[in-house]
Amino acid sequence: MASSEYREGSLEAPTRHPINWKAPEFYNEALLLTELERVFDICHGCRRCVSLCNAFPTLFDLVDESETMEVDGVDKKDYGKVVDHCYLCDLCYLTKCPYVPPHEWNVDFPHLMLQAKAIKYKNGESKLRDRILTSTDIVGSLAGIPVVSGVVNAINRNKAARSLLDKTLGVHPDAIVPEYHSDTLRKRTGKYKPATIVPEACERTRGKVALFATCYCNRNAPDIGEDLVHLLEHNGIEVRLVEKERCCGMPKMELGDLDAVEHAKEFNIPPLAGMVDEGWDLIAPIPSCVLMFKQELPLMFPEDEQVKKVQQAFFDPFEYLMLRHKAGKLRTDFKNSLGTVSYHVPCHQRVQKIGLKTREMLELVPDTYINVIERCSGHDGTYAVKSEYHDISVKICRPVVNKVKQAQVDHYISDCPMAGDQIESGLQDGSHAESPFTLLCHAYGLK
């Protein structure tokens, strides 16, 4: 069993190795099982990550209930139970594990889980439900058709229909599923007027933003996307949507369908890189999509120069706004205070290593107090809606819900709207999660 003694390199900053996903050995099941046993043994000897998600409690239960009470007593057929609970949040790698590279033990739990998911997908073992849920472009384009969107939304609110969906597809009847809008964010772009203030460049930003709308903000939450546009334009930042886009690829990555991730990359990267060449900075309103372009695609395609170009030009929205503030380019003439706000920080924003920029922005508003919650909501886009995992996701989110309850706040928000829905569902008090974009528009007096 791995000891927890200090080894040279364990106190250095984590470094990430590229994902060699096209190499034949990446799909070698025997090599995978050997590495899973090695890493699981190290995790069993440490157990620091037990509170992060259900992957680690599942592993430790398997070990503790085995005959030897060690990893060698766990049936390798059960390794998949651990893999299925990992949704690649990356927190174990960046916030907990002392054995990540450059440590000689070279533990990269998320990328090992990704390899296992990729092999599972390649072997045709992924459920139809999971393939449908991660096909956001296809589902969104169909569900977003006028009239069809109303029917889909009505079905999703109907208890009998949700019960049938649970039995046939495995979508939990109590899980919040997003609404679909035929009046998408991309359709609404014609309503936007050019910025009345000429954009000014500063050290890292150029004052011109190309917005990657994302599947979610385009078809499920266009109001959030509009609020972000108003927020940027109010600060003299010219905004336009990327000419064309598909899903960023994160849902397919979490499924293990890496070929689909590559297809999405081949569609998205050329227009994004072209906009960078034309002088535009890049932003997306959903943290997972930002992370995809800032971290995951560069790790999957380390030799692709266009991917690198996009990576260097991509910003989290509040990272961008606070850079503008640092350069003296941000308006601080707020009209309304926000009172006390509980702010949930999504995992995929925390691992971007940019700090709590949303909090910093909100704290610029007078008479506004921010309670920060840095715990996982357990949603992950699809994990919380699956019948077999919904109750576990609710349990993961319970500490977040309890913190919001105890704070007795005026507003509660998350940078991830799906995490906000998960918290709202847990509160069950008639309140509603809000977007930080919407809240700041109110502070500026824009709505």
# chains A, B, ... in the order shown; residues from 1 in each chain; ligands from 1
$ residues_around --residues "Ser337 in chain A" --least-positions-apart "3" --cutoff "7 Å" --atoms "only C-alpha atoms" --output "list in words"
Val365, Pro366, Asp367, Thr368 and Ala443 of chain A
$ select_by_dssp --residues "range 268-320 of chain A" --states "alpha helix (DSSP H)" --output "PyMOL selection string"
chain A and resi 268-277+287-291+297-300+305-313+317-320
$ residues_around --residues "Leu36 in chain A" --least-positions-apart "2" --cutoff "12 Å" --atoms "only C-alpha atoms" --output "PDB file with N, CA and C atoms, in the first residue's frame"
ATOM      1  N   GLU A  29      -6.983  -2.300 -22.444  1.00  0.00           N
ATOM      2  CA  GLU A  29      -7.706  -2.523 -21.189  1.00  0.00           C
ATOM      3  C   GLU A  29      -6.826  -3.118 -20.103  1.00  0.00           C
ATOM      4  N   ALA A  30      -5.891  -3.986 -20.480  1.00  0.00           N
ATOM      5  CA  ALA A  30      -5.008  -4.584 -19.479  1.00  0.00           C
ATOM      6  C   ALA A  30      -4.134  -3.521 -18.824  1.00  0.00           C
ATOM      7  N   LEU A  31      -3.582  -2.616 -19.636  1.00  0.00           N
ATOM      8  CA  LEU A  31      -2.776  -1.528 -19.087  1.00  0.00           C
ATOM      9  C   LEU A  31      -3.625  -0.604 -18.220  1.00  0.00           C
ATOM     10  N   LEU A  32      -4.862  -0.359 -18.655  1.00  0.00           N
ATOM     11  CA  LEU A  32      -5.763   0.485 -17.875  1.00  0.00           C
ATOM     12  C   LEU A  32      -6.012  -0.115 -16.498  1.00  0.00           C
ATOM     13  N   LEU A  33      -6.329  -1.407 -16.436  1.00  0.00           N
ATOM     14  CA  LEU A  33      -6.629  -2.046 -15.153  1.00  0.00           C
ATOM     15  C   LEU A  33      -5.422  -2.011 -14.220  1.00  0.00           C
ATOM     16  N   THR A  34      -4.229  -2.179 -14.790  1.00  0.00           N
ATOM     17  CA  THR A  34      -3.013  -2.118 -13.970  1.00  0.00           C
ATOM     18  C   THR A  34      -2.843  -0.727 -13.373  1.00  0.00           C
ATOM     19  N   ARG A  38      -3.037   0.644  -9.395  1.00  0.00           N
ATOM     20  CA  ARG A  38      -1.946   1.413  -8.800  1.00  0.00           C
ATOM     21  C   ARG A  38      -2.464   2.704  -8.183  1.00  0.00           C
ATOM     22  N   VAL A  39      -3.263   3.447  -8.946  1.00  0.00           N
ATOM     23  CA  VAL A  39      -3.763   4.739  -8.469  1.00  0.00           C
ATOM     24  C   VAL A  39      -4.783   4.545  -7.353  1.00  0.00           C
ATOM     25  N   PHE A  40      -5.652   3.553  -7.487  1.00  0.00           N
ATOM     26  CA  PHE A  40      -6.631   3.285  -6.427  1.00  0.00           C
ATOM     27  C   PHE A  40      -5.937   2.937  -5.117  1.00  0.00           C
ATOM     28  N   ASP A  41      -4.812   2.251  -5.188  1.00  0.00           N
ATOM     29  CA  ASP A  41      -4.071   1.896  -3.979  1.00  0.00           C
ATOM     30  C   ASP A  41      -3.508   3.142  -3.307  1.00  0.00           C
ATOM     31  N   ILE A  42      -3.025   4.080  -4.098  1.00  0.00           N
ATOM     32  CA  ILE A  42      -2.527   5.337  -3.550  1.00  0.00           C
ATOM     33  C   ILE A  42      -3.674   6.130  -2.923  1.00  0.00           C
ATOM     34  N   CYS A  43      -4.806   6.200  -3.627  1.00  0.00           N
ATOM     35  CA  CYS A  43      -5.973   6.914  -3.101  1.00  0.00           C
ATOM     36  C   CYS A  43      -6.471   6.286  -1.806  1.00  0.00           C
ATOM     37  N   HIS A  44      -6.470   4.974  -1.749  1.00  0.00           N
ATOM     38  CA  HIS A  44      -6.909   4.263  -0.543  1.00  0.00           C
ATOM     39  C   HIS A  44      -6.005   4.589   0.641  1.00  0.00           C
ATOM     40  N   LEU A  59     -15.050   3.957  -4.111  1.00  0.00           N
ATOM     41  CA  LEU A  59     -13.796   3.204  -4.080  1.00  0.00           C
ATOM     42  C   LEU A  59     -13.491   2.710  -2.676  1.00  0.00           C
ATOM     43  N   VAL A  71      -6.883  -2.809  -1.858  1.00  0.00           N
ATOM     44  CA  VAL A  71      -7.323  -2.742  -3.244  1.00  0.00           C
ATOM     45  C   VAL A  71      -7.213  -4.094  -3.938  1.00  0.00           C
ATOM     46  N   ASP A  72      -6.241  -4.919  -3.538  1.00  0.00           N
ATOM     47  CA  ASP A  72      -6.095  -6.216  -4.193  1.00  0.00           C
ATOM     48  C   ASP A  72      -7.271  -7.157  -3.911  1.00  0.00           C
ATOM     49  N   VAL A  74     -10.417  -6.100  -4.204  1.00  0.00           N
ATOM     50  CA  VAL A  74     -11.555  -5.580  -4.973  1.00  0.00           C
ATOM     51  C   VAL A  74     -11.594  -6.248  -6.339  1.00  0.00           C
ATOM     52  N   ASP A  75     -12.752  -6.743  -6.719  1.00  0.00           N
ATOM     53  CA  ASP A  75     -12.934  -7.337  -8.037  1.00  0.00           C
ATOM     54  C   ASP A  75     -12.748  -6.243  -9.096  1.00  0.00           C
ATOM     55  N   LYS A  76     -11.883  -6.487 -10.052  1.00  0.00           N
ATOM     56  CA  LYS A  76     -11.612  -5.482 -11.085  1.00  0.00           C
ATOM     57  C   LYS A  76     -12.855  -5.138 -11.899  1.00  0.00           C
ATOM     58  N   LYS A  77     -13.828  -6.029 -11.910  1.00  0.00           N
ATOM     59  CA  LYS A  77     -15.079  -5.721 -12.605  1.00  0.00           C
ATOM     60  C   LYS A  77     -15.816  -4.563 -11.931  1.00  0.00           C
ATOM     61  N   ASP A  78     -15.498  -4.327 -10.665  1.00  0.00           N
ATOM     62  CA  ASP A  78     -16.159  -3.241  -9.921  1.00  0.00           C
ATOM     63  C   ASP A  78     -15.461  -1.896 -10.086  1.00  0.00           C
ATOM     64  N   TYR A  79     -14.311  -1.879 -10.754  1.00  0.00           N
ATOM     65  CA  TYR A  79     -13.614  -0.610 -10.953  1.00  0.00           C
ATOM     66  C   TYR A  79     -14.500   0.387 -11.699  1.00  0.00           C
ATOM     67  N   GLY A  80     -15.329  -0.141 -12.594  1.00  0.00           N
ATOM     68  CA  GLY A  80     -16.202   0.725 -13.372  1.00  0.00           C
ATOM     69  C   GLY A  80     -17.191   1.506 -12.521  1.00  0.00           C
ATOM     70  N   VAL A  82     -16.522   3.013  -9.808  1.00  0.00           N
ATOM     71  CA  VAL A  82     -15.814   4.248  -9.430  1.00  0.00           C
ATOM     72  C   VAL A  82     -15.799   5.214 -10.603  1.00  0.00           C
ATOM     73  N   VAL A  83     -15.488   4.697 -11.772  1.00  0.00           N
ATOM     74  CA  VAL A  83     -15.395   5.522 -12.981  1.00  0.00           C
ATOM     75  C   VAL A  83     -16.722   6.225 -13.261  1.00  0.00           C
ATOM     76  N   VAL A 107       0.109  10.776 -10.157  1.00  0.00           N
ATOM     77  CA  VAL A 107      -1.317  10.452 -10.069  1.00  0.00           C
ATOM     78  C   VAL A 107      -2.124  11.535 -10.793  1.00  0.00           C
ATOM     79  N   ASP A 108      -2.862  11.121 -11.785  1.00  0.00           N
ATOM     80  CA  ASP A 108      -3.799  12.014 -12.477  1.00  0.00           C
ATOM     81  C   ASP A 108      -5.138  11.279 -12.535  1.00  0.00           C
ATOM     82  N   PHE A 109      -5.882  11.377 -11.449  1.00  0.00           N
ATOM     83  CA  PHE A 109      -7.137  10.648 -11.324  1.00  0.00           C
ATOM     84  C   PHE A 109      -8.135  11.024 -12.432  1.00  0.00           C
ATOM     85  N   PRO A 110      -8.371  12.318 -12.714  1.00  0.00           N
ATOM     86  CA  PRO A 110      -9.356  12.655 -13.753  1.00  0.00           C
ATOM     87  C   PRO A 110      -8.997  12.106 -15.132  1.00  0.00           C
ATOM     88  N   HIS A 111      -7.733  12.199 -15.517  1.00  0.00           N
ATOM     89  CA  HIS A 111      -7.363  11.716 -16.841  1.00  0.00           C
ATOM     90  C   HIS A 111      -7.399  10.193 -16.908  1.00  0.00           C
ATOM     91  N   LEU A 112      -7.166   9.536 -15.786  1.00  0.00           N
ATOM     92  CA  LEU A 112      -7.311   8.080 -15.747  1.00  0.00           C
ATOM     93  C   LEU A 112      -8.779   7.692 -15.895  1.00  0.00           C
ATOM     94  N   MET A 113      -9.659   8.446 -15.240  1.00  0.00           N
ATOM     95  CA  MET A 113     -11.094   8.199 -15.392  1.00  0.00           C
ATOM     96  C   MET A 113     -11.531   8.455 -16.837  1.00  0.00           C
ATOM     97  N   LEU A 114     -10.953   9.494 -17.451  1.00  0.00           N
ATOM     98  CA  LEU A 114     -11.276   9.793 -18.845  1.00  0.00           C
ATOM     99  C   LEU A 114     -10.869   8.637 -19.749  1.00  0.00           C
ATOM    100  N   GLN A 115      -9.704   8.073 -19.503  1.00  0.00           N
ATOM    101  CA  GLN A 115      -9.251   6.929 -20.295  1.00  0.00           C
ATOM    102  C   GLN A 115     -10.222   5.761 -20.145  1.00  0.00           C
ATOM    103  N   ALA A 116     -10.650   5.494 -18.909  1.00  0.00           N
ATOM    104  CA  ALA A 116     -11.602   4.406 -18.673  1.00  0.00           C
ATOM    105  C   ALA A 116     -12.934   4.671 -19.369  1.00  0.00           C
TER     106      ALA A 116
END
$ residues_around --residues "Phe334 in chain A" --least-positions-apart "4" --cutoff "12 Å" --atoms "only C-alpha atoms" --output "PyMOL selection string"
chain A and resi 231+234-235+330+338+361-368+439-446
$ residues_around --residues "Ile138 in chain A" --least-positions-apart "4" --cutoff "12 Å" --atoms "only C-alpha atoms" --output "list in words"
Arg131, Ile132, Leu133, Thr134, Leu142, Ala143, Gly144, Ile145, Cys215, Arg219, Arg246 and Cys247 of chain A
$ write_last_selection --atoms "N, CA and C atoms" --output "compact mmCIF listing (two decimals), in the first residue's frame"
# COMPACT_ATOMS: atom_id res chain seq x y z
N ARG A 131 -25.85 8.88 -24.38
CA ARG A 131 -25.51 9.39 -25.71
C ARG A 131 -26.48 10.49 -26.13
N ILE A 132 -27.74 10.35 -25.74
CA ILE A 132 -28.74 11.37 -26.06
C ILE A 132 -28.49 12.64 -25.26
N LEU A 133 -28.28 12.49 -23.95
CA LEU A 133 -28.11 13.66 -23.08
C LEU A 133 -26.89 14.49 -23.47
N THR A 134 -25.87 13.85 -24.01
CA THR A 134 -24.65 14.58 -24.37
C THR A 134 -24.68 15.10 -25.80
N LEU A 142 -33.75 20.24 -32.18
CA LEU A 142 -35.09 19.66 -32.32
C LEU A 142 -36.06 20.26 -31.30
N ALA A 143 -35.62 20.30 -30.03
CA ALA A 143 -36.50 20.80 -28.97
C ALA A 143 -36.73 22.30 -29.07
N GLY A 144 -35.86 23.00 -29.81
CA GLY A 144 -35.99 24.44 -29.92
C GLY A 144 -36.85 24.91 -31.08
N ILE A 145 -37.41 23.97 -31.83
CA ILE A 145 -38.29 24.35 -32.94
C ILE A 145 -39.57 24.97 -32.36
N CYS A 215 -24.29 25.99 -25.99
CA CYS A 215 -25.58 25.33 -26.20
C CYS A 215 -26.60 25.83 -25.18
N ARG A 219 -29.96 28.11 -26.29
CA ARG A 219 -31.29 27.50 -26.40
C ARG A 219 -32.02 27.35 -25.07
N ARG A 246 -20.68 25.07 -32.51
CA ARG A 246 -21.32 23.85 -32.04
C ARG A 246 -21.00 23.70 -30.56
N CYS A 247 -21.52 22.66 -29.94
CA CYS A 247 -21.19 22.37 -28.55
C CYS A 247 -19.68 22.37 -28.38
$ select_by_dssp --residues "range 155-358 of chain A" --states "strand (DSSP E or B)" --output "list in words"
Val171, Lys208, Val209, Ala210, Leu211, Glu238, Val239, Arg240, Leu241, Asp281, Leu282, Ile283, Phe314, Phe315, Gly339, Thr340, Val341, Ser342, Tyr343 and His344 of chain A
$ write_last_selection --atoms "C-alpha atoms" --output "compact mmCIF listing (two decimals), in the first residue's frame"
# COMPACT_ATOMS: atom_id res chain seq x y z
CA VAL A 171 -34.08 10.53 -16.38
CA LYS A 208 -13.77 43.79 -28.24
CA VAL A 209 -15.39 40.48 -27.28
CA ALA A 210 -16.56 37.62 -29.46
CA LEU A 211 -19.11 35.66 -27.44
CA GLU A 238 -18.06 45.89 -28.24
CA VAL A 239 -19.75 42.48 -28.45
CA ARG A 240 -20.62 40.15 -31.27
CA LEU A 241 -21.41 36.46 -31.38
CA ASP A 281 -11.03 38.57 -27.30
CA LEU A 282 -13.09 35.44 -26.56
CA ILE A 283 -15.63 34.79 -23.80
CA PHE A 314 -10.21 32.98 -23.98
CA PHE A 315 -11.47 34.52 -20.74
CA GLY A 339 -27.58 43.24 -0.07
CA THR A 340 -26.31 39.84 1.06
CA VAL A 341 -25.51 37.33 -1.67
CA SER A 342 -24.60 33.65 -1.41
CA TYR A 343 -22.21 32.92 -4.24
CA HIS A 344 -21.62 29.31 -5.27
$ atom_distance --atom1 "CA of His348 in chain A" --atom2 "CA of Tyr93 in chain A"
12.2 Å
$ residues_around --residues "Val242 in chain A" --least-positions-apart "4" --cutoff "12 Å" --atoms "only C-alpha atoms" --output "JSON, numbers by chain"
{"A": [185, 186, 189, 209, 210, 211, 212, 213, 214, 218, 246, 267, 268, 269, 270, 271, 272, 273, 274, 275, 276, 278, 280, 281, 282, 283, 284]}
$ closest_residue --among "A:Ala160, A:Val100, A:Leu321, A:Ile354" --to "Glu233 in chain A" --atoms "only C-alpha atoms"
A:Leu321
$ closest_residue --among "A:Arg324, A:Pro285, A:Asn220, A:Asn123" --to "Thr205 in chain A" --atoms "only C-alpha atoms"
A:Arg324
$ closest_residue --among "A:Glu360, A:Lys335, A:Tyr87, A:Asp304" --to "Ser288 in chain A" --atoms "only C-alpha atoms"
A:Tyr87
$ atom_distance --atom1 "CA of Gln311 in chain A" --atom2 "CA of Val351 in chain A"
15.0 Å
$ closest_residue --among "A:Glu388, A:Asp429, A:Glu203, A:Glu37" --to "Tyr320 in chain A" --atoms "only C-alpha atoms"
A:Glu203
$ residues_around --residues "range 383-386 of chain A" --least-positions-apart "3" --cutoff "9 Å" --atoms "only C-alpha atoms" --output "list in words"
His85, Tyr87, Arg129, Asp130, Asp166, Leu169, Gly170, Val171, His172, Pro173, Asp174, Ala175, Ile176, Val177, Gly378, His379, Asp380, Tyr389, His390, Asp391, Ile392, Ser393, Val394 and Gln422 of chain A
$ write_last_selection --atoms "N, CA and C atoms" --output "CSV table (one decimal), in the first residue's frame"
chain,number,residue,atom,x,y,z
A,85,HIS,N,-18.9,7.4,-11.4
A,85,HIS,CA,-19.2,8.5,-10.5
A,85,HIS,C,-18.3,9.7,-10.7
A,87,TYR,N,-17.2,12.8,-12.7
A,87,TYR,CA,-17.6,13.7,-13.8
A,87,TYR,C,-16.6,14.7,-14.2
A,129,ARG,N,-29.3,6.5,-23.2
A,129,ARG,CA,-29.6,7.7,-22.5
A,129,ARG,C,-28.5,8.7,-22.4
A,130,ASP,N,-27.3,8.2,-22.1
A,130,ASP,CA,-26.1,9.1,-22.0
A,130,ASP,C,-25.7,9.6,-23.3
A,166,ASP,N,-38.6,8.5,-16.8
A,166,ASP,CA,-37.8,7.8,-15.8
A,166,ASP,C,-37.7,6.3,-16.1
A,169,LEU,N,-36.2,6.0,-20.2
A,169,LEU,CA,-34.9,6.5,-20.5
A,169,LEU,C,-33.9,6.7,-19.4
A,170,GLY,N,-34.4,6.7,-18.1
A,170,GLY,CA,-33.6,6.8,-17.0
A,170,GLY,C,-33.2,8.2,-16.6
A,171,VAL,N,-34.2,9.1,-16.8
A,171,VAL,CA,-34.1,10.5,-16.4
A,171,VAL,C,-35.0,10.7,-15.1
A,172,HIS,N,-34.4,11.1,-14.0
A,172,HIS,CA,-35.1,11.1,-12.8
A,172,HIS,C,-36.2,12.1,-12.8
A,173,PRO,N,-37.4,11.7,-12.3
A,173,PRO,CA,-38.6,12.5,-12.4
A,173,PRO,C,-38.5,13.8,-11.5
A,174,ASP,N,-37.6,13.8,-10.5
A,174,ASP,CA,-37.5,15.0,-9.7
A,174,ASP,C,-36.4,16.0,-10.1
A,175,ALA,N,-35.6,15.5,-11.1
A,175,ALA,CA,-34.5,16.3,-11.5
A,175,ALA,C,-35.0,17.5,-12.4
A,176,ILE,N,-34.4,18.7,-12.1
A,176,ILE,CA,-34.7,19.9,-12.9
A,176,ILE,C,-34.1,19.7,-14.3
A,177,VAL,N,-34.9,19.8,-15.3
A,177,VAL,CA,-34.3,19.8,-16.7
A,177,VAL,C,-34.6,21.2,-17.3
A,378,GLY,N,-22.8,19.0,-7.4
A,378,GLY,CA,-23.2,17.7,-7.7
A,378,GLY,C,-24.0,17.6,-9.0
A,379,HIS,N,-24.1,18.7,-9.8
A,379,HIS,CA,-25.0,18.6,-11.0
A,379,HIS,C,-24.2,18.0,-12.2
A,380,ASP,N,-23.2,18.7,-12.6
A,380,ASP,CA,-22.4,18.3,-13.7
A,380,ASP,C,-23.1,18.2,-15.0
A,389,TYR,N,-28.3,8.3,-10.3
A,389,TYR,CA,-27.3,9.2,-9.6
A,389,TYR,C,-28.0,10.5,-9.0
A,390,HIS,N,-29.2,10.7,-9.3
A,390,HIS,CA,-29.9,11.9,-8.8
A,390,HIS,C,-29.8,12.1,-7.3
A,391,ASP,N,-30.2,11.1,-6.6
A,391,ASP,CA,-30.2,11.2,-5.1
A,391,ASP,C,-28.8,11.4,-4.6
A,392,ILE,N,-27.8,10.8,-5.2
A,392,ILE,CA,-26.4,11.1,-4.8
A,392,ILE,C,-26.0,12.5,-5.0
A,393,SER,N,-26.5,13.0,-6.2
A,393,SER,CA,-26.1,14.4,-6.5
A,393,SER,C,-26.8,15.4,-5.5
A,394,VAL,N,-28.0,15.0,-5.1
A,394,VAL,CA,-28.7,15.9,-4.1
A,394,VAL,C,-27.9,15.9,-2.8
A,422,GLN,N,-29.8,23.3,-9.3
A,422,GLN,CA,-29.6,22.2,-8.3
A,422,GLN,C,-29.8,22.8,-6.9
$ atom_distance --atom1 "CA of Gly256 in chain A" --atom2 "CA of Ile119 in chain A"
7.4 Å
$ closest_residue --among "A:Glu65, A:Asp137, A:Asp421, A:Asp316" --to "Glu245 in chain A" --atoms "only C-alpha atoms"
A:Asp137
